[in-house]
Amino acid sequence: MDDLKEQKKALRATAKATRAEALKRHGPMAGMMLARKGLDGIAYRFGASVACFYPMPDEFDPVALYNKLEADGHPLALPVMQGKGHPLVMRRWVIGDVLIAGTWGIKEPGRDAPEVKPEIVLVPLLAFDKRGYRLGYGGGFYDRTLEKLRRENPNLLAIGLGFDELEVDVVPHDDHDQRLNWVLTPGRTLRCGT
């Protein structure tokens with residue numbers, strides 16, 4: 001297990017540097033290119049609820065995609081932290097709603113926003129591979145959340161958002177790591193498989 005943690009730690013450092021370079025290279029165009037594509041090529045129910053994530057300063061800004069999804073009739077939600085070791089709770093979010101600073105300063109809806117059981121979850125990532133494994137920030141929040149949501153809805157779609165440059169041959173993983181169904185980048189839509 002320690003070896004796996006070390007592998008993930010090393011990849012995290014490399015991926016953060018790669019992402020910073022990609023963000024400099026692509027700038028705000030990355031989010032706009034992603035919005036133009038939307039979820040084209042991915043089969044889902046019209047009007048499916050979508051759990052988004054609010055971008056951190058070193059991630060590209062997918063809010064243009066969220067605007068498109070909302071305009072296309074998809075109810076949106078954002079994650080709310082419930083504490084270390086717990087899954088995220090997705091709460092209803094309408095673009096323009098006032099958000100509060102949650103854990104680590106990440107913006108989230110207030111606790112009075114209704115809980116949403118999403119059909120699609122958009123997931124941040126630091127690295128990904130073609131099999132759908134992703135490297136996150138190391139807290140396990142999305143792994144716990146996806147595992148819980150998939151127990152409730154086996155048809156849940158998990159879609160990673162990131163730069164093409166973040167693809168690696170193999171993301172180190174173990175049994176608790178949840179796989180993505182798709183990865184969307186500004187340049188392509190990748191269906192993940194075995």
# chains A, B, ... in the order shown; residues from 1 in each chain; ligands from 1
call {"tool": "residues_around", "arguments": {"residues": "A:Pro114", "least_positions_apart": "3", "cutoff": "12 Å", "atoms": "only C-alpha atoms", "output": "list in words"}}
result
Pro75, Leu76, Ala77, Leu78, Pro79, Val80, Val89, Met90, Arg91, Arg92, Trp93, Val94, Pro109, Gly110, Arg111 and Lys117 of chain A
call {"tool": "select_by_dssp", "arguments": {"residues": "stretch 5-151 of chain A", "states": "alpha helix (DSSP H)", "output": "number ranges by chain"}}
result
A: 5-26, 29-37, 63-71, 141-151
call {"tool": "residues_around", "arguments": {"residues": "A:Leu180", "least_positions_apart": "2", "cutoff": "9 Å", "atoms": "only C-alpha atoms", "output": "CSV table (one decimal) with C-alpha atoms, in the first residue's frame"}}
result
chain,number,residue,atom,x,y,z
A,123,VAL,CA,-15.3,14.8,-12.0
A,128,PHE,CA,-6.3,9.7,-16.4
A,131,ARG,CA,-9.2,2.4,-18.8
A,132,GLY,CA,-11.0,5.1,-16.9
A,133,TYR,CA,-8.8,5.3,-13.8
A,134,ARG,CA,-8.2,8.9,-12.6
A,157,LEU,CA,-22.2,8.2,-15.8
A,158,ALA,CA,-18.9,9.5,-14.4
A,159,ILE,CA,-17.2,11.9,-16.8
A,160,GLY,CA,-13.7,13.3,-16.1
A,178,GLN,CA,-13.7,4.2,-9.1
A,182,TRP,CA,-15.8,8.9,-20.2
A,183,VAL,CA,-13.2,11.7,-20.2
A,191,ARG,CA,-14.9,6.5,-23.9
A,192,CYS,CA,-13.0,4.6,-21.3
A,193,GLY,CA,-12.8,0.8,-21.3
call {"tool": "closest_residue", "arguments": {"among": "A:Leu135, A:Ile106, A:Leu161, A:Leu23", "to": "A:Asp174", "atoms": "only C-alpha atoms"}}
result
A:Leu135
call {"tool": "decode", "arguments": {"residues": "stretch 60-105 of chain A", "atoms": "N, CA and C atoms", "output": "PDB file, in the first residue's frame"}}
result
ATOM      1  N   PHE A  60      -8.772  24.397 -15.351  1.00  0.00           N
ATOM      2  CA  PHE A  60      -9.452  25.217 -16.354  1.00  0.00           C
ATOM      3  C   PHE A  60     -10.907  25.394 -15.948  1.00  0.00           C
ATOM      4  N   ASP A  61     -11.502  26.436 -16.453  1.00  0.00           N
ATOM      5  CA  ASP A  61     -12.833  26.836 -16.020  1.00  0.00           C
ATOM      6  C   ASP A  61     -13.902  26.199 -16.903  1.00  0.00           C
ATOM      7  N   PRO A  62     -14.641  25.202 -16.379  1.00  0.00           N
ATOM      8  CA  PRO A  62     -15.681  24.542 -17.170  1.00  0.00           C
ATOM      9  C   PRO A  62     -17.056  25.206 -17.063  1.00  0.00           C
ATOM     10  N   VAL A  63     -17.135  26.403 -16.486  1.00  0.00           N
ATOM     11  CA  VAL A  63     -18.443  27.025 -16.256  1.00  0.00           C
ATOM     12  C   VAL A  63     -19.184  27.293 -17.568  1.00  0.00           C
ATOM     13  N   ALA A  64     -18.464  27.542 -18.661  1.00  0.00           N
ATOM     14  CA  ALA A  64     -19.143  27.709 -19.962  1.00  0.00           C
ATOM     15  C   ALA A  64     -19.882  26.421 -20.342  1.00  0.00           C
ATOM     16  N   LEU A  65     -19.294  25.265 -20.046  1.00  0.00           N
ATOM     17  CA  LEU A  65     -19.974  23.983 -20.278  1.00  0.00           C
ATOM     18  C   LEU A  65     -21.218  23.895 -19.402  1.00  0.00           C
ATOM     19  N   TYR A  66     -21.110  24.302 -18.153  1.00  0.00           N
ATOM     20  CA  TYR A  66     -22.260  24.257 -17.254  1.00  0.00           C
ATOM     21  C   TYR A  66     -23.391  25.153 -17.761  1.00  0.00           C
ATOM     22  N   ASN A  67     -23.033  26.323 -18.291  1.00  0.00           N
ATOM     23  CA  ASN A  67     -24.046  27.209 -18.883  1.00  0.00           C
ATOM     24  C   ASN A  67     -24.781  26.508 -20.013  1.00  0.00           C
ATOM     25  N   LYS A  68     -24.032  25.814 -20.871  1.00  0.00           N
ATOM     26  CA  LYS A  68     -24.639  25.086 -21.992  1.00  0.00           C
ATOM     27  C   LYS A  68     -25.558  23.980 -21.476  1.00  0.00           C
ATOM     28  N   LEU A  69     -25.088  23.220 -20.499  1.00  0.00           N
ATOM     29  CA  LEU A  69     -25.901  22.131 -19.956  1.00  0.00           C
ATOM     30  C   LEU A  69     -27.194  22.666 -19.341  1.00  0.00           C
ATOM     31  N   GLU A  70     -27.083  23.747 -18.583  1.00  0.00           N
ATOM     32  CA  GLU A  70     -28.279  24.333 -17.971  1.00  0.00           C
ATOM     33  C   GLU A  70     -29.239  24.846 -19.043  1.00  0.00           C
ATOM     34  N   ALA A  71     -28.709  25.507 -20.073  1.00  0.00           N
ATOM     35  CA  ALA A  71     -29.546  26.014 -21.169  1.00  0.00           C
ATOM     36  C   ALA A  71     -30.216  24.873 -21.926  1.00  0.00           C
ATOM     37  N   ASP A  72     -29.564  23.712 -21.964  1.00  0.00           N
ATOM     38  CA  ASP A  72     -30.125  22.536 -22.641  1.00  0.00           C
ATOM     39  C   ASP A  72     -31.115  21.770 -21.769  1.00  0.00           C
ATOM     40  N   GLY A  73     -31.412  22.279 -20.581  1.00  0.00           N
ATOM     41  CA  GLY A  73     -32.445  21.664 -19.743  1.00  0.00           C
ATOM     42  C   GLY A  73     -31.956  20.698 -18.685  1.00  0.00           C
ATOM     43  N   HIS A  74     -30.669  20.678 -18.408  1.00  0.00           N
ATOM     44  CA  HIS A  74     -30.138  19.785 -17.374  1.00  0.00           C
ATOM     45  C   HIS A  74     -30.121  20.486 -16.018  1.00  0.00           C
ATOM     46  N   PRO A  75     -30.803  19.939 -15.012  1.00  0.00           N
ATOM     47  CA  PRO A  75     -30.653  20.484 -13.664  1.00  0.00           C
ATOM     48  C   PRO A  75     -29.216  20.234 -13.192  1.00  0.00           C
ATOM     49  N   LEU A  76     -28.611  21.241 -12.569  1.00  0.00           N
ATOM     50  CA  LEU A  76     -27.224  21.138 -12.128  1.00  0.00           C
ATOM     51  C   LEU A  76     -27.143  21.026 -10.610  1.00  0.00           C
ATOM     52  N   ALA A  77     -26.032  20.469 -10.157  1.00  0.00           N
ATOM     53  CA  ALA A  77     -25.749  20.373  -8.724  1.00  0.00           C
ATOM     54  C   ALA A  77     -24.256  20.586  -8.518  1.00  0.00           C
ATOM     55  N   LEU A  78     -23.893  20.952  -7.310  1.00  0.00           N
ATOM     56  CA  LEU A  78     -22.490  21.071  -6.912  1.00  0.00           C
ATOM     57  C   LEU A  78     -22.276  20.254  -5.645  1.00  0.00           C
ATOM     58  N   PRO A  79     -21.052  19.751  -5.441  1.00  0.00           N
ATOM     59  CA  PRO A  79     -20.778  18.961  -4.239  1.00  0.00           C
ATOM     60  C   PRO A  79     -20.643  19.824  -2.990  1.00  0.00           C
ATOM     61  N   VAL A  80     -21.066  19.240  -1.878  1.00  0.00           N
ATOM     62  CA  VAL A  80     -20.898  19.850  -0.565  1.00  0.00           C
ATOM     63  C   VAL A  80     -20.148  18.839   0.305  1.00  0.00           C
ATOM     64  N   MET A  81     -19.069  19.279   0.909  1.00  0.00           N
ATOM     65  CA  MET A  81     -18.263  18.414   1.772  1.00  0.00           C
ATOM     66  C   MET A  81     -19.037  18.071   3.040  1.00  0.00           C
ATOM     67  N   GLN A  82     -18.907  16.812   3.471  1.00  0.00           N
ATOM     68  CA  GLN A  82     -19.555  16.349   4.699  1.00  0.00           C
ATOM     69  C   GLN A  82     -18.532  15.973   5.765  1.00  0.00           C
ATOM     70  N   GLY A  83     -17.270  16.208   5.474  1.00  0.00           N
ATOM     71  CA  GLY A  83     -16.211  15.855   6.413  1.00  0.00           C
ATOM     72  C   GLY A  83     -15.320  14.771   5.847  1.00  0.00           C
ATOM     73  N   LYS A  84     -14.134  14.682   6.402  1.00  0.00           N
ATOM     74  CA  LYS A  84     -13.148  13.706   5.948  1.00  0.00           C
ATOM     75  C   LYS A  84     -13.699  12.288   6.088  1.00  0.00           C
ATOM     76  N   GLY A  85     -13.491  11.484   5.048  1.00  0.00           N
ATOM     77  CA  GLY A  85     -13.931  10.096   5.079  1.00  0.00           C
ATOM     78  C   GLY A  85     -15.370   9.876   4.653  1.00  0.00           C
ATOM     79  N   HIS A  86     -16.080  10.943   4.296  1.00  0.00           N
ATOM     80  CA  HIS A  86     -17.487  10.824   3.909  1.00  0.00           C
ATOM     81  C   HIS A  86     -17.665  11.166   2.430  1.00  0.00           C
ATOM     82  N   PRO A  87     -18.688  10.566   1.784  1.00  0.00           N
ATOM     83  CA  PRO A  87     -18.985  10.958   0.403  1.00  0.00           C
ATOM     84  C   PRO A  87     -19.472  12.405   0.352  1.00  0.00           C
ATOM     85  N   LEU A  88     -19.329  12.998  -0.807  1.00  0.00           N
ATOM     86  CA  LEU A  88     -19.868  14.332  -1.053  1.00  0.00           C
ATOM     87  C   LEU A  88     -21.385  14.238  -1.183  1.00  0.00           C
ATOM     88  N   VAL A  89     -22.083  15.291  -0.834  1.00  0.00           N
ATOM     89  CA  VAL A  89     -23.522  15.389  -1.076  1.00  0.00           C
ATOM     90  C   VAL A  89     -23.704  16.407  -2.195  1.00  0.00           C
ATOM     91  N   MET A  90     -24.467  16.040  -3.209  1.00  0.00           N
ATOM     92  CA  MET A  90     -24.720  16.947  -4.327  1.00  0.00           C
ATOM     93  C   MET A  90     -25.979  17.761  -4.028  1.00  0.00           C
ATOM     94  N   ARG A  91     -25.833  19.087  -4.119  1.00  0.00           N
ATOM     95  CA  ARG A  91     -26.958  19.983  -3.845  1.00  0.00           C
ATOM     96  C   ARG A  91     -27.254  20.833  -5.068  1.00  0.00           C
ATOM     97  N   ARG A  92     -28.530  21.082  -5.278  1.00  0.00           N
ATOM     98  CA  ARG A  92     -29.020  21.833  -6.444  1.00  0.00           C
ATOM     99  C   ARG A  92     -28.305  23.170  -6.565  1.00  0.00           C
ATOM    100  N   TRP A  93     -27.955  23.489  -7.804  1.00  0.00           N
ATOM    101  CA  TRP A  93     -27.277  24.748  -8.105  1.00  0.00           C
ATOM    102  C   TRP A  93     -27.813  25.288  -9.415  1.00  0.00           C
ATOM    103  N   VAL A  94     -28.250  26.519  -9.384  1.00  0.00           N
ATOM    104  CA  VAL A  94     -28.624  27.246 -10.591  1.00  0.00           C
ATOM    105  C   VAL A  94     -27.531  28.281 -10.796  1.00  0.00           C
ATOM    106  N   ILE A  95     -27.016  28.362 -12.022  1.00  0.00           N
ATOM    107  CA  ILE A  95     -25.944  29.319 -12.286  1.00  0.00           C
ATOM    108  C   ILE A  95     -26.416  30.709 -11.880  1.00  0.00           C
ATOM    109  N   GLY A  96     -25.602  31.378 -11.107  1.00  0.00           N
ATOM    110  CA  GLY A  96     -25.953  32.687 -10.571  1.00  0.00           C
ATOM    111  C   GLY A  96     -26.325  32.638  -9.097  1.00  0.00           C
ATOM    112  N   ASP A  97     -26.633  31.423  -8.573  1.00  0.00           N
ATOM    113  CA  ASP A  97     -26.911  31.298  -7.142  1.00  0.00           C
ATOM    114  C   ASP A  97     -25.700  31.753  -6.338  1.00  0.00           C
ATOM    115  N   VAL A  98     -25.958  32.304  -5.185  1.00  0.00           N
ATOM    116  CA  VAL A  98     -24.875  32.673  -4.272  1.00  0.00           C
ATOM    117  C   VAL A  98     -24.276  31.386  -3.706  1.00  0.00           C
ATOM    118  N   LEU A  99     -22.959  31.296  -3.753  1.00  0.00           N
ATOM    119  CA  LEU A  99     -22.249  30.137  -3.224  1.00  0.00           C
ATOM    120  C   LEU A  99     -21.456  30.564  -1.998  1.00  0.00           C
ATOM    121  N   ILE A 100     -21.192  29.602  -1.126  1.00  0.00           N
ATOM    122  CA  ILE A 100     -20.395  29.890   0.067  1.00  0.00           C
ATOM    123  C   ILE A 100     -19.052  29.178  -0.051  1.00  0.00           C
ATOM    124  N   ALA A 101     -18.070  29.668   0.663  1.00  0.00           N
ATOM    125  CA  ALA A 101     -16.758  29.019   0.676  1.00  0.00           C
ATOM    126  C   ALA A 101     -16.817  27.850   1.646  1.00  0.00           C
ATOM    127  N   GLY A 102     -16.620  26.652   1.102  1.00  0.00           N
ATOM    128  CA  GLY A 102     -16.626  25.453   1.929  1.00  0.00           C
ATOM    129  C   GLY A 102     -15.210  25.080   2.334  1.00  0.00           C
ATOM    130  N   THR A 103     -15.016  23.806   2.590  1.00  0.00           N
ATOM    131  CA  THR A 103     -13.699  23.291   2.950  1.00  0.00           C
ATOM    132  C   THR A 103     -12.692  23.647   1.868  1.00  0.00           C
ATOM    133  N   TRP A 104     -11.512  24.046   2.264  1.00  0.00           N
ATOM    134  CA  TRP A 104     -10.426  24.445   1.360  1.00  0.00           C
ATOM    135  C   TRP A 104     -10.818  25.627   0.472  1.00  0.00           C
ATOM    136  N   GLY A 105     -11.857  26.370   0.854  1.00  0.00           N
ATOM    137  CA  GLY A 105     -12.258  27.537   0.082  1.00  0.00           C
ATOM    138  C   GLY A 105     -13.010  27.218  -1.191  1.00  0.00           C
TER     139      GLY A 105
END
